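Report on one structure; see the data block that follows.
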Amino acid sequence: MLSFIADHTMVSQGSDIKHVWVEPVPQLMNNMLKSCAVEGNVEPISIPGYWMDKEGMDIPIGAPPKQGEKVIYFLHGGGYVRFSASPHDRIANVPRDMLKHCKSVKRAFLLEYRLSRVLSNPPESPFPAALLDALAGYIYLTQDVGFSPADIVVEGDSAGGNLAHALTRYLVENRGMEGLPAPPGAMILLSPWVDLTASDNFPGSSIYANDGVDFIRYITAPSDSYSGKAFLGPLGAKGALDRYISPASADPRMPPVSFAGFPRTLVISGEAEVLRTQIEVLVKKMVKDMGAGRDDGQVEYYESPDSVHDFLVIMHHEPERTQTLRIIADWLD
């Protein structure tokens, strides 16, 4: 494989690469997005995306779906500041192995959303840049390729889980906007980063219990980290008190957050990860509005024993990795 890893300005090269350029959708920005975009000096732009097929298949780029065909819409992690959607990036092993285990899904679409940078002058692509890109990718899947929203599975890991939630929330809360498709049929959140307000930073939480166990550290307030500063941009720490950014926050200043109308959702965390407490808070909030369990509710939660943050990216994290992929496949199929 080639060593080059792409970004939103240039795609990966190689015989295995299937890429498209996704056009922006400024006409689908509500007043909230417009206001945040102006404050963050962000504009809708064209960004790349990659198609990934199940092993042994070669589906033409953007081929219309067959009746009832499902697709994984993958939004990668990396704190909004690193990694790529390129099939050459190690994070691409997550959708690749999901396709291996899931019988009912033949392909995935990986979006190369813009990464945030705070050290540049001016800072680049803070919120809502990634959300604008994710929305454009969703429009590409529904209107250009022809997938029914009910057949789209929005999936994200870590910061990608934050973005998957934000996209789904936008589609739910703006249902009925002219030209905006319905929300997706399902959502998968893998170790999602869902609280930038530090409300889970207290003695006894997973931040303290798993410090030194997990490969990421999280003792400082996330809004003070490089990732937090880059992603929040001019919104700053106050911007973290937003349902699109910190839906799991228990901060008393946080307005109420509703999950009414959200699609069936699978949330996965690791027992040994520092984000486990905030993920558990998210699940409780979702269950309150949506119900739990496959039979009677819309939310399922699986905590993988002895597993760290975003462990599906770590190829040698076995047997927990394969066990979790089988649980995802069972849930999807």
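Residue names in the structure tokens use chain letters A, B, ... in the order shown, residue numbers from 1 in each chain, and ligand numbers from 1 in the order shown.
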Contacts of Gly146 (chain A) within 10 Å, only C-alpha atoms, excl. fewer than 4 positions in-chain, as a tab-separated table (two decimals) with C-alpha atoms, in the first residue's frame:
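Produced file out.tsv, reproduced below:
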chain	number	residue	atom	x	y	z
A	62	GLY	CA	-21.78	5.58	-6.85
A	63	ALA	CA	-23.80	2.71	-8.32
A	64	PRO	CA	-27.53	3.01	-7.55
A	65	PRO	CA	-28.51	0.76	-4.64
A	66	LYS	CA	-30.47	-2.39	-5.08
A	139	ILE	CA	-27.13	14.47	0.58
A	140	TYR	CA	-24.75	12.78	-1.86
A	141	LEU	CA	-25.84	9.33	-0.63
A	142	THR	CA	-29.56	10.09	-0.74
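By chain and then residue number, the residues within 10 Å of Glu55 (chain A) are Met52, Asp58, Arg96, Asp97, Leu99, Lys100, Lys106 and Arg107 of chain A, counting only C-alpha atoms and disregarding those fewer than 3 positions away in sequence.
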How about saving the chosen residues, N, CA and C atoms kept, as a PDB file, in the first residue's frame?
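Resulting contents of part.pdb:
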ATOM      1  N   MET A  52     -15.887   1.978  -0.296  1.00  0.00           N
ATOM      2  CA  MET A  52     -15.213   0.745   0.099  1.00  0.00           C
ATOM      3  C   MET A  52     -16.197  -0.416  -0.070  1.00  0.00           C
ATOM      4  N   ASP A  58     -16.600  -5.690  -6.459  1.00  0.00           N
ATOM      5  CA  ASP A  58     -16.131  -4.507  -7.165  1.00  0.00           C
ATOM      6  C   ASP A  58     -17.352  -3.759  -7.691  1.00  0.00           C
ATOM      7  N   ARG A  96     -13.899  -1.537   7.110  1.00  0.00           N
ATOM      8  CA  ARG A  96     -13.493  -2.696   6.309  1.00  0.00           C
ATOM      9  C   ARG A  96     -13.890  -4.002   7.000  1.00  0.00           C
ATOM     10  N   ASP A  97     -13.628  -4.083   8.295  1.00  0.00           N
ATOM     11  CA  ASP A  97     -13.947  -5.317   9.019  1.00  0.00           C
ATOM     12  C   ASP A  97     -15.423  -5.405   9.383  1.00  0.00           C
ATOM     13  N   LEU A  99     -17.671  -4.603   7.205  1.00  0.00           N
ATOM     14  CA  LEU A  99     -18.184  -5.202   5.969  1.00  0.00           C
ATOM     15  C   LEU A  99     -17.905  -6.702   5.932  1.00  0.00           C
ATOM     16  N   LYS A 100     -16.755  -7.123   6.465  1.00  0.00           N
ATOM     17  CA  LYS A 100     -16.437  -8.550   6.489  1.00  0.00           C
ATOM     18  C   LYS A 100     -17.437  -9.336   7.320  1.00  0.00           C
ATOM     19  N   LYS A 106     -22.980  -4.369   1.781  1.00  0.00           N
ATOM     20  CA  LYS A 106     -21.984  -4.670   0.754  1.00  0.00           C
ATOM     21  C   LYS A 106     -20.952  -3.572   0.562  1.00  0.00           C
ATOM     22  N   ARG A 107     -21.247  -2.337   1.041  1.00  0.00           N
ATOM     23  CA  ARG A 107     -20.299  -1.255   0.813  1.00  0.00           C
ATOM     24  C   ARG A 107     -20.471  -0.168   1.873  1.00  0.00           C
TER      25      ARG A 107
END
Do a neighbour search on Lys238 (chain A) at 10 Å with only C-alpha atoms, toss out local chain neighbours closer than 2 positions, and write the hits as a PyMOL selection string.
chain A and resi 196-197+223+232+234-236+240-242+253
Of A:Ala221, A:Val313, A:Met254, A:Val299, the one nearest to His76 (chain A) when counting only C-alpha atoms is A:Val313
Smallest atom-to-atom distance to Leu131 (chain A): which of A:Leu282, A:Met32, A:Ala329, A:Val71, using only C-alpha atoms?
A:Met32
Looking only at the backbone, which of the residues in region 93-267 of chain A does DSSP tag as strand (DSSP E), as a list in words?
Val105, Lys106, Arg107, Ala108, Phe109, Leu110, Leu111, Ile152, Val153, Val154, Glu155, Gly156, Asp157, Ala186, Met187, Ile188, Leu189, Leu190, Arg264, Thr265, Leu266 and Val267 of chain A
Among the residues of region 219-303 of chain A, find those DSSP assigns to helix (DSSP H, G or I) from the backbone and print them as a VMD selection string.
chain A and resid 222 to 224 226 to 239 276 to 290
Can you pull out every residue within 6 Å of region 25-31 of chain A, counting only C-alpha atoms, but drop anything in the same chain fewer than 2 positions away, and send it as a ChimeraX atom specification?
/A:33-34,136
Could you tell me how far CA of Phe231 (chain A) sits from CA of Glu124 (chain A), in Å to one decimal place?
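Separation between CA of Glu124 (chain A) and CA of Phe231 (chain A): 9.0 Å.
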Residue contacts of Pro319 (chain A) (12 Å, only C-alpha atoms) excluding same-chain residues fewer than 6 positions away, as an MDAnalysis selection string
chainID A and resid 304:307 311:312 325:326
If you count only C-alpha atoms, which residues fall within 9 Å of Ile279 (chain A), apart from same-chain ones fewer than 3 positions away, as a PyMOL selection string?
chain A and resi 191-195+248+267-269+275-276+282-284
Atomic distance CA of Ala260 (chain A) - CA of Ser148 (chain A), expressed in Å with one decimal
20.8 Å
List the spatial neighbours of Glu23 (chain A) as a list in words - criterion: any atom at most 10 Å away, only C-alpha atoms, same-chain residues fewer than 4 positions off excluded.
Pro44, Ile45, Ser46, Ile47, Pro48, Asp133, Ala136, Gly137, Ile139 and Tyr140 of chain A
Just the selected residues (C-alpha atoms), exported as a PDB file, in the first residue's frame, please.
ATOM      1  CA  PRO A  44     -19.373  25.036   2.643  1.00  0.00           C
ATOM      2  CA  ILE A  45     -16.850  23.522   0.218  1.00  0.00           C
ATOM      3  CA  SER A  46     -16.401  20.432  -1.960  1.00  0.00           C
ATOM      4  CA  ILE A  47     -14.756  17.557  -0.094  1.00  0.00           C
ATOM      5  CA  PRO A  48     -13.723  14.001  -1.075  1.00  0.00           C
ATOM      6  CA  ASP A 133     -19.272  18.323   5.257  1.00  0.00           C
ATOM      7  CA  ALA A 136     -23.124  17.209   2.186  1.00  0.00           C
ATOM      8  CA  GLY A 137     -22.064  13.551   2.251  1.00  0.00           C
ATOM      9  CA  ILE A 139     -27.133  14.466   0.583  1.00  0.00           C
ATOM     10  CA  TYR A 140     -24.752  12.783  -1.861  1.00  0.00           C
TER      11      TYR A 140
END
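CA of Arg169 (chain A) sits 11.6 Å away from CA of Val154 (chain A).
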Of A:Lys18, A:His316, A:Arg243, A:Lys229, the one sitting nearest His88 (chain A) when using only C-alpha atoms is A:Lys18
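Nearest to Ala182 (chain A) of all the residues A:Leu115, A:Leu135, A:Ala92, A:Ile61 is A:Leu135, based on only C-alpha atoms.
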